[in-house]
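The next block is coords-v1.csv, given as CSV, C-alpha atoms.
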chain,number,residue,atom,x,y,z
T,1,MET,CA,-54.2,-23.5,-106.1
T,2,THR,CA,-52.7,-24.4,-109.5
T,3,PRO,CA,-49.1,-23.4,-109.8
T,4,LYS,CA,-48.4,-20.6,-112.2
T,5,LYS,CA,-46.7,-21.6,-115.4
T,6,ILE,CA,-43.3,-19.9,-115.6
T,7,ILE,CA,-42.6,-18.4,-119.1
T,8,ALA,CA,-39.0,-17.7,-120.0
T,9,PRO,CA,-38.2,-14.1,-121.1
T,10,PHE,CA,-38.2,-13.5,-124.8
T,11,TYR,CA,-34.4,-12.8,-125.0
T,12,GLU,CA,-33.8,-16.2,-123.3
T,13,ARG,CA,-36.0,-18.1,-125.7
T,14,LEU,CA,-34.4,-16.2,-128.7
T,15,SER,CA,-30.9,-17.1,-127.5
T,16,LEU,CA,-31.8,-20.8,-127.3
T,17,VAL,CA,-33.3,-20.6,-130.8
T,18,LEU,CA,-30.2,-19.0,-132.2
T,19,ILE,CA,-27.9,-21.5,-130.4
T,20,GLY,CA,-30.1,-24.3,-131.9
T,21,ILE,CA,-29.8,-22.8,-135.4
T,22,LEU,CA,-26.0,-22.5,-135.1
T,23,ALA,CA,-25.7,-26.1,-133.9
T,24,LEU,CA,-28.0,-27.4,-136.6
T,25,GLY,CA,-26.0,-25.4,-139.2
T,26,PHE,CA,-22.8,-26.9,-138.0
T,27,LEU,CA,-24.2,-30.5,-138.2
T,28,ILE,CA,-25.6,-29.8,-141.7
T,29,ILE,CA,-22.2,-28.6,-142.9
T,30,GLN,CA,-20.4,-31.6,-141.4
T,31,GLY,CA,-22.9,-34.1,-142.7
T,32,LYS,CA,-23.1,-32.7,-146.3
T,33,GLU,CA,-21.7,-35.9,-147.9
T,34,VAL,CA,-24.6,-38.0,-146.5
T,35,LEU,CA,-27.4,-35.4,-146.1
T,36,ASP,CA,-27.1,-33.9,-149.6
T,37,PRO,CA,-27.9,-37.0,-151.6
T,38,LEU,CA,-30.3,-38.1,-148.9
T,39,ILE,CA,-32.5,-35.0,-149.3
T,40,PHE,CA,-32.4,-35.3,-153.1
T,41,GLY,CA,-33.5,-38.9,-152.7
T,42,PHE,CA,-36.3,-37.8,-150.5
T,43,LEU,CA,-37.5,-35.3,-153.1
T,44,PHE,CA,-37.3,-37.8,-155.9
T,45,SER,CA,-39.1,-40.4,-153.8
T,46,ILE,CA,-42.0,-38.0,-153.2
T,47,LEU,CA,-42.1,-37.3,-157.0
T,48,LEU,CA,-42.1,-41.0,-157.8
T,49,LEU,CA,-44.5,-42.1,-155.1
T,50,PRO,CA,-47.6,-42.0,-157.3
T,51,VAL,CA,-45.8,-43.9,-160.0
T,52,SER,CA,-44.6,-46.6,-157.6
T,53,GLY,CA,-48.1,-46.8,-156.0
T,54,PHE,CA,-49.7,-47.2,-159.5
T,55,LEU,CA,-47.4,-50.0,-160.3
T,56,GLU,CA,-48.1,-51.8,-157.0
T,57,GLN,CA,-51.9,-51.4,-157.0
T,58,THR,CA,-52.8,-51.6,-160.6
T,59,LEU,CA,-50.1,-54.0,-162.0
T,60,HIS,CA,-49.7,-55.8,-158.6
T,61,MET,CA,-45.9,-55.6,-158.7
T,62,PRO,CA,-43.9,-56.2,-155.5
T,63,ARG,CA,-42.7,-53.0,-153.8
T,64,SER,CA,-39.1,-53.7,-154.7
T,65,VAL,CA,-39.9,-54.0,-158.4
T,66,SER,CA,-42.2,-51.0,-158.5
T,67,SER,CA,-39.6,-48.8,-156.7
T,68,PHE,CA,-36.8,-50.0,-159.1
T,69,LEU,CA,-38.9,-49.4,-162.2
T,70,SER,CA,-39.9,-45.9,-161.0
T,71,ILE,CA,-36.2,-45.0,-160.7
T,72,ILE,CA,-35.6,-46.5,-164.2
T,73,LEU,CA,-38.3,-44.2,-165.6
T,74,LEU,CA,-36.7,-41.2,-163.9
T,75,VAL,CA,-33.3,-42.0,-165.2
T,76,ALA,CA,-34.7,-42.5,-168.7
T,77,PHE,CA,-36.4,-39.1,-168.5
T,78,ILE,CA,-33.1,-37.4,-167.4
T,79,GLY,CA,-31.2,-39.3,-170.0
T,80,GLY,CA,-33.6,-38.2,-172.7
T,81,VAL,CA,-33.0,-34.5,-171.7
T,82,LEU,CA,-29.3,-35.0,-171.7
T,83,TYR,CA,-29.4,-36.7,-175.2
T,84,LEU,CA,-31.4,-33.8,-176.5
T,85,VAL,CA,-28.9,-31.3,-175.3
T,86,GLY,CA,-26.0,-33.4,-176.4
T,87,SER,CA,-27.4,-33.8,-179.9
T,88,GLN,CA,-27.6,-30.0,-180.2
T,89,ILE,CA,-24.1,-29.5,-178.9
T,90,SER,CA,-22.8,-32.0,-181.4
T,91,LYS,CA,-24.2,-29.8,-184.2
T,92,LEU,CA,-22.2,-26.9,-182.6
T,93,THR,CA,-19.0,-28.8,-182.9
T,94,ASP,CA,-19.5,-29.3,-186.7
T,95,ASP,CA,-19.0,-25.5,-187.1
T,96,TRP,CA,-15.8,-25.4,-185.0
T,97,PRO,CA,-13.7,-23.9,-187.8
T,98,MET,CA,-16.2,-21.0,-188.2
T,99,LEU,CA,-16.2,-20.6,-184.4
T,100,GLN,CA,-12.4,-20.4,-184.4
T,101,LYS,CA,-12.4,-17.8,-187.2
T,102,GLN,CA,-15.0,-15.7,-185.3
T,103,LEU,CA,-13.1,-15.9,-182.0
T,104,ALA,CA,-9.8,-15.1,-183.7
T,105,GLN,CA,-11.4,-12.0,-185.3
T,106,SER,CA,-12.8,-11.0,-181.8
T,107,ARG,CA,-9.4,-11.6,-180.3
T,108,ASP,CA,-7.8,-9.3,-182.8
T,109,ASN,CA,-10.4,-6.6,-182.2
T,110,ILE,CA,-9.8,-6.8,-178.4
T,111,SER,CA,-6.1,-6.7,-178.9
T,112,ASP,CA,-6.3,-3.5,-181.0
T,113,TRP,CA,-8.6,-1.9,-178.3
T,114,ILE,CA,-6.1,-2.8,-175.5
T,115,GLN,CA,-3.3,-1.4,-177.6
T,116,SER,CA,-5.1,1.9,-178.1
T,117,ALA,CA,-6.5,2.2,-174.6
T,118,PHE,CA,-3.6,1.0,-172.4
T,119,HIS,CA,-0.7,1.5,-174.9
T,120,LEU,CA,0.4,-2.1,-174.7
T,121,ASN,CA,1.9,-3.3,-178.0
T,122,LEU,CA,1.3,-6.7,-179.5
T,123,GLU,CA,4.6,-8.1,-178.2
T,124,LYS,CA,3.8,-7.3,-174.6
T,125,GLN,CA,0.3,-8.7,-174.9
T,126,LYS,CA,1.7,-11.9,-176.5
T,127,ALA,CA,4.3,-12.2,-173.7
T,128,TYR,CA,1.7,-11.9,-171.0
T,129,VAL,CA,-0.5,-14.5,-172.7
T,130,ASP,CA,2.5,-16.9,-173.2
T,131,ASN,CA,3.4,-16.6,-169.5
T,132,THR,CA,-0.1,-17.3,-168.4
T,133,ALA,CA,-0.3,-20.3,-170.7
T,134,LYS,CA,3.0,-21.7,-169.3
T,135,LYS,CA,1.6,-21.4,-165.8
T,136,ILE,CA,-1.5,-23.2,-166.8
T,137,MET,CA,0.4,-26.0,-168.6
T,138,SER,CA,2.8,-26.4,-165.6
T,139,SER,CA,-0.2,-27.2,-163.4
T,140,GLY,CA,-1.9,-29.3,-166.1
T,141,THR,CA,-1.5,-32.6,-164.3
T,142,GLU,CA,-3.0,-31.2,-161.2
T,143,VAL,CA,-5.9,-29.7,-163.1
T,144,ILE,CA,-6.6,-33.0,-164.9
T,145,GLY,CA,-6.4,-34.9,-161.6
T,146,THR,CA,-8.8,-32.4,-160.0
T,147,THR,CA,-11.2,-32.6,-162.9
T,148,PHE,CA,-11.2,-36.4,-162.9
T,149,GLY,CA,-11.8,-36.4,-159.1
T,150,ALA,CA,-14.7,-34.0,-159.5
T,151,VAL,CA,-16.3,-36.0,-162.2
T,152,SER,CA,-15.9,-39.2,-160.2
T,153,SER,CA,-17.4,-37.6,-157.1
T,154,LEU,CA,-20.3,-36.3,-159.2
T,155,MET,CA,-21.1,-39.7,-160.6
T,156,LEU,CA,-20.9,-41.2,-157.2
T,157,PHE,CA,-23.2,-38.5,-155.9
T,158,TYR,CA,-25.8,-39.4,-158.5
T,159,VAL,CA,-25.5,-43.1,-157.7
T,160,PHE,CA,-26.1,-42.3,-154.0
T,161,ILE,CA,-29.2,-40.3,-154.9
T,162,MET,CA,-30.7,-43.2,-156.8
T,163,ILE,CA,-29.9,-45.6,-154.0
T,164,PHE,CA,-31.5,-43.4,-151.3
T,165,THR,CA,-34.5,-42.9,-153.6
T,166,PHE,CA,-35.0,-46.6,-153.9
T,167,PHE,CA,-34.7,-47.3,-150.2
T,168,ILE,CA,-37.0,-44.5,-149.2
T,169,LEU,CA,-39.6,-45.8,-151.7
T,170,PHE,CA,-39.1,-49.3,-150.5
T,171,TYR,CA,-39.2,-48.6,-146.7
T,172,ARG,CA,-41.8,-45.7,-146.8
T,173,LYS,CA,-44.3,-47.5,-144.5
T,174,LEU,CA,-41.6,-48.3,-142.1
T,175,LEU,CA,-40.4,-44.7,-142.0
T,176,LEU,CA,-44.0,-43.4,-141.6
T,177,GLY,CA,-44.6,-45.8,-138.8
T,178,PHE,CA,-41.5,-44.7,-137.0
T,179,ILE,CA,-42.5,-41.0,-137.3
T,180,LEU,CA,-46.0,-41.7,-135.9
T,181,GLN,CA,-44.6,-43.7,-133.0
T,182,ALA,CA,-41.9,-41.1,-132.3
T,183,PHE,CA,-44.5,-38.3,-131.8
T,184,GLY,CA,-47.2,-40.4,-130.1
T,185,LYS,CA,-50.8,-41.2,-130.7
T,186,ASP,CA,-52.0,-37.8,-129.3
T,187,ASN,CA,-50.2,-36.0,-132.2
T,188,GLU,CA,-51.0,-38.6,-134.9
T,189,HIS,CA,-53.5,-36.4,-136.8
T,190,VAL,CA,-51.1,-33.5,-136.8
T,191,VAL,CA,-48.3,-35.7,-138.1
T,192,HIS,CA,-50.5,-37.1,-140.9
T,193,ASP,CA,-51.6,-33.6,-141.9
T,194,ILE,CA,-48.0,-32.4,-142.1
T,195,ILE,CA,-46.8,-35.4,-144.1
T,196,GLU,CA,-49.7,-35.2,-146.6
T,197,ASN,CA,-49.1,-31.4,-147.1
T,198,ILE,CA,-45.4,-31.9,-147.5
T,199,GLN,CA,-46.0,-34.6,-150.1
T,200,SER,CA,-48.6,-32.6,-152.0
T,201,ILE,CA,-46.8,-29.2,-152.0
T,202,LEU,CA,-43.3,-30.6,-152.9
T,203,ARG,CA,-44.7,-32.7,-155.7
T,204,GLN,CA,-46.6,-29.8,-157.1
T,205,TYR,CA,-43.6,-27.6,-156.7
T,206,ILE,CA,-41.3,-30.0,-158.6
T,207,LEU,CA,-43.8,-30.6,-161.3
T,208,GLY,CA,-44.4,-26.8,-161.5
T,209,LEU,CA,-40.7,-26.2,-162.0
T,210,LEU,CA,-40.5,-28.8,-164.8
T,211,LEU,CA,-43.6,-27.2,-166.5
T,212,GLU,CA,-42.0,-23.7,-166.1
T,213,MET,CA,-38.7,-25.0,-167.6
T,214,ILE,CA,-40.6,-26.5,-170.6
T,215,ILE,CA,-42.6,-23.3,-171.2
T,216,VAL,CA,-39.5,-21.0,-170.9
T,217,ALA,CA,-37.5,-23.3,-173.3
T,218,CYS,CA,-40.3,-23.3,-175.9
T,219,VAL,CA,-40.7,-19.5,-175.7
T,220,ALA,CA,-37.0,-19.0,-175.9
T,221,CYS,CA,-36.7,-21.3,-178.9
T,222,THR,CA,-39.5,-19.5,-180.7
T,223,ALA,CA,-37.9,-16.1,-180.0
T,224,PHE,CA,-34.5,-17.2,-181.2
T,225,TRP,CA,-36.0,-18.8,-184.3
T,226,VAL,CA,-37.8,-15.5,-185.1
T,227,ILE,CA,-34.5,-13.6,-184.7
T,228,GLY,CA,-32.9,-16.0,-187.1
T,229,ILE,CA,-29.9,-17.4,-185.1
T,230,LYS,CA,-28.4,-20.7,-186.1
T,231,TYR,CA,-28.6,-22.6,-182.8
T,232,ALA,CA,-32.1,-21.5,-181.7
T,233,ALA,CA,-33.0,-24.9,-180.2
T,234,LEU,CA,-29.8,-25.3,-178.3
T,235,LEU,CA,-29.9,-21.8,-176.8
T,236,GLY,CA,-33.6,-22.2,-176.0
T,237,ILE,CA,-32.9,-25.4,-174.1
T,238,ILE,CA,-30.0,-23.8,-172.2
T,239,VAL,CA,-32.3,-20.9,-171.2
T,240,GLY,CA,-35.0,-23.3,-170.0
T,241,LEU,CA,-32.5,-25.5,-168.0
T,242,PHE,CA,-30.7,-22.7,-166.3
T,243,ASN,CA,-34.0,-20.9,-165.5
T,244,ILE,CA,-34.7,-23.5,-162.7
T,245,ILE,CA,-31.6,-22.1,-160.8
T,246,PRO,CA,-33.1,-19.3,-158.7
T,247,TYR,CA,-31.8,-15.7,-159.4
T,248,LEU,CA,-28.3,-16.8,-160.6
T,249,GLY,CA,-29.5,-19.0,-163.5
T,250,ILE,CA,-30.6,-16.1,-165.6
T,251,PHE,CA,-27.0,-14.6,-165.7
T,252,THR,CA,-25.5,-17.9,-166.7
T,253,ALA,CA,-28.1,-18.4,-169.5
T,254,LEU,CA,-27.6,-14.8,-170.7
T,255,PHE,CA,-23.8,-15.2,-170.8
T,256,LEU,CA,-23.9,-18.5,-172.7
T,257,SER,CA,-26.6,-17.4,-175.1
T,258,VAL,CA,-24.9,-14.2,-176.0
T,259,LEU,CA,-21.4,-15.8,-176.3
T,260,ILE,CA,-22.6,-18.6,-178.6
T,261,THR,CA,-24.6,-16.2,-180.7
T,262,PHE,CA,-21.7,-13.8,-180.9
T,263,ALA,CA,-19.3,-16.6,-182.0
T,264,THR,CA,-21.7,-17.9,-184.7
T,265,GLY,CA,-23.3,-14.7,-186.1
T,266,PRO,CA,-23.3,-11.0,-186.3
T,267,VAL,CA,-23.1,-8.7,-183.2
T,268,GLY,CA,-26.6,-7.5,-183.8
T,269,ASN,CA,-28.0,-11.0,-183.3
T,270,ALA,CA,-26.1,-11.3,-180.0
T,271,VAL,CA,-27.6,-8.1,-178.8
T,272,GLU,CA,-31.1,-9.2,-179.8
T,273,VAL,CA,-30.6,-12.5,-178.0
T,274,GLY,CA,-29.5,-10.8,-174.8
T,275,ILE,CA,-32.5,-8.5,-174.9
T,276,SER,CA,-34.8,-11.5,-175.6
T,277,VAL,CA,-33.4,-13.5,-172.6
T,278,ILE,CA,-34.0,-10.5,-170.3
T,279,ILE,CA,-37.5,-10.0,-171.5
T,280,ILE,CA,-38.3,-13.7,-171.2
T,281,HIS,CA,-36.9,-13.8,-167.6
T,282,ALA,CA,-38.9,-10.7,-166.7
T,283,LEU,CA,-42.2,-12.3,-168.0
T,284,ASP,CA,-41.3,-15.5,-166.2
T,285,ALA,CA,-40.5,-13.9,-162.9
T,286,ASN,CA,-43.6,-11.7,-162.9
T,287,VAL,CA,-46.2,-13.8,-164.7
T,288,LEU,CA,-45.3,-17.5,-165.2
T,289,LEU,CA,-43.5,-18.2,-161.9
T,290,PRO,CA,-46.2,-16.8,-159.6
T,291,ALA,CA,-48.9,-18.7,-161.6
T,292,VAL,CA,-47.2,-22.0,-162.0
T,293,VAL,CA,-44.8,-22.3,-159.1
T,294,GLY,CA,-45.5,-19.4,-156.7
T,295,SER,CA,-48.9,-20.8,-155.8
T,296,LYS,CA,-47.4,-24.0,-154.6
T,297,VAL,CA,-44.8,-22.6,-152.1
T,298,ARG,CA,-45.8,-19.5,-150.2
T,299,LEU,CA,-42.4,-18.0,-149.3
T,300,ASN,CA,-41.7,-14.3,-149.3
T,301,ALA,CA,-39.0,-13.0,-151.6
T,302,LEU,CA,-36.6,-11.9,-148.8
T,303,ILE,CA,-36.6,-15.3,-147.1
T,304,THR,CA,-36.3,-17.0,-150.5
T,305,PHE,CA,-33.3,-15.0,-151.5
T,306,LEU,CA,-31.7,-15.3,-148.1
T,307,GLY,CA,-32.2,-19.1,-148.1
T,308,ILE,CA,-30.7,-19.4,-151.6
T,309,VAL,CA,-27.6,-17.5,-150.5
T,310,LEU,CA,-27.2,-19.5,-147.3
T,311,GLY,CA,-27.8,-22.7,-149.2
T,312,GLU,CA,-25.0,-21.8,-151.7
T,313,MET,CA,-22.6,-20.9,-148.8
T,314,ILE,CA,-23.3,-24.2,-147.0
T,315,TRP,CA,-23.7,-26.8,-149.8
T,316,GLY,CA,-22.8,-25.0,-153.0
T,317,LEU,CA,-25.0,-25.4,-156.1
T,318,SER,CA,-27.1,-28.3,-154.6
T,319,GLY,CA,-27.8,-26.0,-151.6
T,320,MET,CA,-29.3,-23.5,-154.0
T,321,PHE,CA,-31.7,-26.1,-155.4
T,322,LEU,CA,-32.6,-27.5,-152.1
T,323,SER,CA,-33.1,-24.3,-150.1
T,324,ILE,CA,-36.7,-23.6,-151.3
T,325,PRO,CA,-38.1,-27.1,-150.8
T,326,ILE,CA,-36.4,-27.3,-147.3
T,327,MET,CA,-37.9,-23.9,-146.3
T,328,ALA,CA,-41.3,-25.0,-147.6
T,329,ILE,CA,-41.1,-28.1,-145.4
T,330,PHE,CA,-40.2,-26.0,-142.4
T,331,LYS,CA,-43.1,-23.6,-143.1
T,332,ILE,CA,-45.6,-26.5,-143.3
T,333,ILE,CA,-44.3,-27.8,-139.9
T,334,PHE,CA,-44.2,-24.3,-138.3
T,335,ASP,CA,-47.8,-23.5,-139.4
T,336,ARG,CA,-49.2,-26.6,-137.7
T,337,ILE,CA,-47.4,-26.2,-134.3
T,338,GLU,CA,-48.8,-23.6,-132.0
T,339,SER,CA,-45.4,-22.5,-130.5
T,340,THR,CA,-43.7,-22.1,-134.0
T,341,LYS,CA,-46.5,-20.3,-135.8
T,342,PRO,CA,-44.6,-16.9,-135.7
T,343,TRP,CA,-41.8,-18.5,-137.6
T,344,GLY,CA,-44.2,-19.8,-140.2
T,345,TYR,CA,-45.6,-16.3,-140.5
T,346,LEU,CA,-42.1,-15.0,-141.0
T,347,LEU,CA,-41.5,-17.4,-143.9
T,348,GLY,CA,-44.8,-16.5,-145.5
T,349,GLY,CA,-45.0,-12.8,-144.7
T,350,ASP,CA,-47.5,-10.6,-146.5
T,351,TYR,CA,-49.4,-13.5,-148.0
T,352,GLU,CA,-50.2,-14.9,-144.6
T,353,PHE,CA,-51.4,-11.5,-143.4
T,354,LYS,CA,-53.6,-11.0,-146.5
T,355,LYS,CA,-55.0,-14.6,-146.1
T,356,SER,CA,-55.9,-14.0,-142.4
T,357,ALA,CA,-57.5,-10.6,-143.3
T,358,GLU,CA,-59.6,-12.2,-146.0
T,359,LYS,CA,-60.8,-14.8,-143.6
T,360,LYS,CA,-61.7,-12.2,-141.0
T,361,MET,CA,-63.6,-10.2,-143.6
T,362,LYS,CA,-65.6,-13.2,-144.7
T,363,THR,CA,-66.6,-14.1,-141.1
T,364,GLU,CA,-67.7,-10.5,-140.5
Encoded form (structure tokens):
Amino acid sequence: MTPKKIIAPFYERLSLVLIGILALGFLIIQGKEVLDPLIFGFLFSILLLPVSGFLEQTLHMPRSVSSFLSIILLVAFIGGVLYLVGSQISKLTDDWPMLQKQLAQSRDNISDWIQSAFHLNLEKQKAYVDNTAKKIMSSGTEVIGTTFGAVSSLMLFYVFIMIFTFFILFYRKLLLGFILQAFGKDNEHVVHDIIENIQSILRQYILGLLLEMIIVACVACTAFWVIGIKYAALLGIIVGLFNIIPYLGIFTALFLSVLITFATGPVGNAVEVGISVIIIHALDANVLLPAVVGSKVRLNALITFLGIVLGEMIWGLSGMFLSIPIMAIFKIIFDRIESTKPWGYLLGGDYEFKKSAEKKMKTE
């Protein structure tokens, strides 16, 4: 007689899963300084892999040279975007006197409203502002030191990303061989399938985000140009750049666009810009995003929003960017392992149910 396979109760398996998730979360939080740039390097290396492969196979370059040139091309692209934004911001600084006059007028209007609403005369308001300014100036040295430290850490973070990207591109065959040996020859086809799908989906997802950003920026620039505001190109680029931040980017873009328009033109233009940004975001979320990006990563809205919130709590802004690609990787893995398919279904949700229903109808 073959012995019966003992299956642990559901609550016991769930408890082990929750303990594992908590332990993994603790390790992720503790290892942020290394894991954060490492994952960004992994995503960039996937994006640059076709470029590096083209340089190796077509131009017969050594792998070290092709990896380095791929990173140079990436840095040049990012530098071009930053130069475009910087050139537009430099035009904004030329109108600084006008901005000061507009802000001063707005300050006087707000002061009059506070005086009439809260019965605070100008002397009390000025005293409160002066006290606040003195507190800020007294901690000025600390603020400058903190700002300098933050900028230095950010630059070091970017350098680490480029270093990790180079090494992952350079040692990609070594890393692939390690993964194949770690999971054994019996699972070799499954590992190959997971790796190929991860590369394909993440590359399409990143390129889809870039395409979405460009389309939104062009539409926003056109809308702002039709409205007739002065810095249509700058505000359009801002809307496009912040649009890649899920959920929270729209509020930042809306605030900056309305603020700059209000400081450089009439109030009516600021209202029209705010309405335009909301309409553009609605069209992007319901039409463009599902068509360009949503077809690449099949995650339901609840899991996506929850992942973004947890990512921000764990790693801050970078966690928000990385949450969707990481969940997409987990979904690909879960869908191809029998024991974790329910978790893959949870991440996909209704789309997985509709997909299986369509397959069932075709077979019938």
So which residues are close to (-45.2, -31.9, -157.2), meaning at most 10 Å away in the file's coordinates with all atoms listed in the file counted, and can you show them as a PDB file with C-alpha atoms, keeping the file's coordinate frame?
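Resulting contents of part-v6.pdb:
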ATOM      1  CA  LEU T  43     -37.500 -35.300-153.100  1.00  0.00           C
ATOM      2  CA  PHE T  44     -37.300 -37.800-155.900  1.00  0.00           C
ATOM      3  CA  ILE T  46     -42.000 -38.000-153.200  1.00  0.00           C
ATOM      4  CA  LEU T  47     -42.100 -37.300-157.000  1.00  0.00           C
ATOM      5  CA  LEU T  48     -42.100 -41.000-157.800  1.00  0.00           C
ATOM      6  CA  ILE T 198     -45.400 -31.900-147.500  1.00  0.00           C
ATOM      7  CA  GLN T 199     -46.000 -34.600-150.100  1.00  0.00           C
ATOM      8  CA  SER T 200     -48.600 -32.600-152.000  1.00  0.00           C
ATOM      9  CA  ILE T 201     -46.800 -29.200-152.000  1.00  0.00           C
ATOM     10  CA  LEU T 202     -43.300 -30.600-152.900  1.00  0.00           C
ATOM     11  CA  ARG T 203     -44.700 -32.700-155.700  1.00  0.00           C
ATOM     12  CA  GLN T 204     -46.600 -29.800-157.100  1.00  0.00           C
ATOM     13  CA  TYR T 205     -43.600 -27.600-156.700  1.00  0.00           C
ATOM     14  CA  ILE T 206     -41.300 -30.000-158.600  1.00  0.00           C
ATOM     15  CA  LEU T 207     -43.800 -30.600-161.300  1.00  0.00           C
ATOM     16  CA  GLY T 208     -44.400 -26.800-161.500  1.00  0.00           C
ATOM     17  CA  LEU T 209     -40.700 -26.200-162.000  1.00  0.00           C
ATOM     18  CA  LEU T 210     -40.500 -28.800-164.800  1.00  0.00           C
ATOM     19  CA  VAL T 293     -44.800 -22.300-159.100  1.00  0.00           C
ATOM     20  CA  LYS T 296     -47.400 -24.000-154.600  1.00  0.00           C
TER      21      LYS T 296
END
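Closest approach to Leu317 of chain T from the set T:Arg172, T:Met213, T:Pro50, T:Ile245 is made by T:Ile245, with distances taken over all atoms listed in the file.
In this structure, atom CA of Phe77 of chain T sits 20.6 Å away from atom CA of Cys221 of chain T.
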Distance in Å - atom CA of Leu24 of chain T versus atom CA of Lys173 of chain T: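 According to the coordinates, atom CA of Leu24 of chain T and atom CA of Lys173 of chain T are separated by 27.1 Å.
Across the structure, atom CA of His281 of chain T and atom CA of Ile250 of chain T are spaced 7.0 Å apart.
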Contact residues around segment 224-232 of chain T with only C-alpha atoms at 9 Å, ignoring same-chain residues under 6 positions, as a list in words: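 These residues fall inside the cut-off: Gln88, Lys91, Leu92, Ile260, Thr261, Thr264, Gly265, Asn269, Ala270, Glu272, Val273 and Ser276 of chain T.
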Among the residues T:Leu211, T:Leu16, T:Ile39, T:Ala76, the one that comes closest to Leu288 of chain T [using only C-alpha atoms]: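 Closest residue, counting only C-alpha atoms: T:Leu211.
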Shell of 12 Å around Leu241 of chain T, only C-alpha atoms, local chain residues under 3 positions omitted, as a PyMOL selection string: chain T and resi 78+81-82+84-85+209-218+220+234-238+244-246+249-250+252-253
Exercise: residues within 7 Å of coordinate (-37.8, -43.7, -155.0), counting only C-alpha atoms, as a PyMOL selection string: chain T and resi 41+44-45+48-49+67+70-71+165-169
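Closest approach to Met313 of chain T among T:Ile29, T:Leu14, T:Val190, T:Ile326: T:Ile29, based on all atoms listed in the file.
Using all atoms listed in the file, the shortest contact distance between Ile329 of chain T and any of T:Met155, T:Ile280, T:Leu347, T:Leu55 is found at T:Leu347.
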Selection: 10 Å around Pro62 of chain T, all atoms listed in the file, excl. self and same-chain fewer than 6 positions, as a PyMOL selection string: chain T and resi 52+55-56+170
Residue nearest Met327 of chain T - candidates T:Arg298, T:Phe42, T:Ser15, T:Phe178, atoms counted: all atoms listed in the file: T:Arg298
Surrounding residues of segment 301-304 of chain T excluding itself and chain neighbours under 2 positions, 9 Å, all atoms listed in the file, as a ChimeraX atom specification: /T:299,306-309,323-324,327,346-348
Residues near segment 158-161 of chain T, cut-off 8 Å, only C-alpha atoms, skip fewer than 5 positions along chain, as a count of residues only: 4
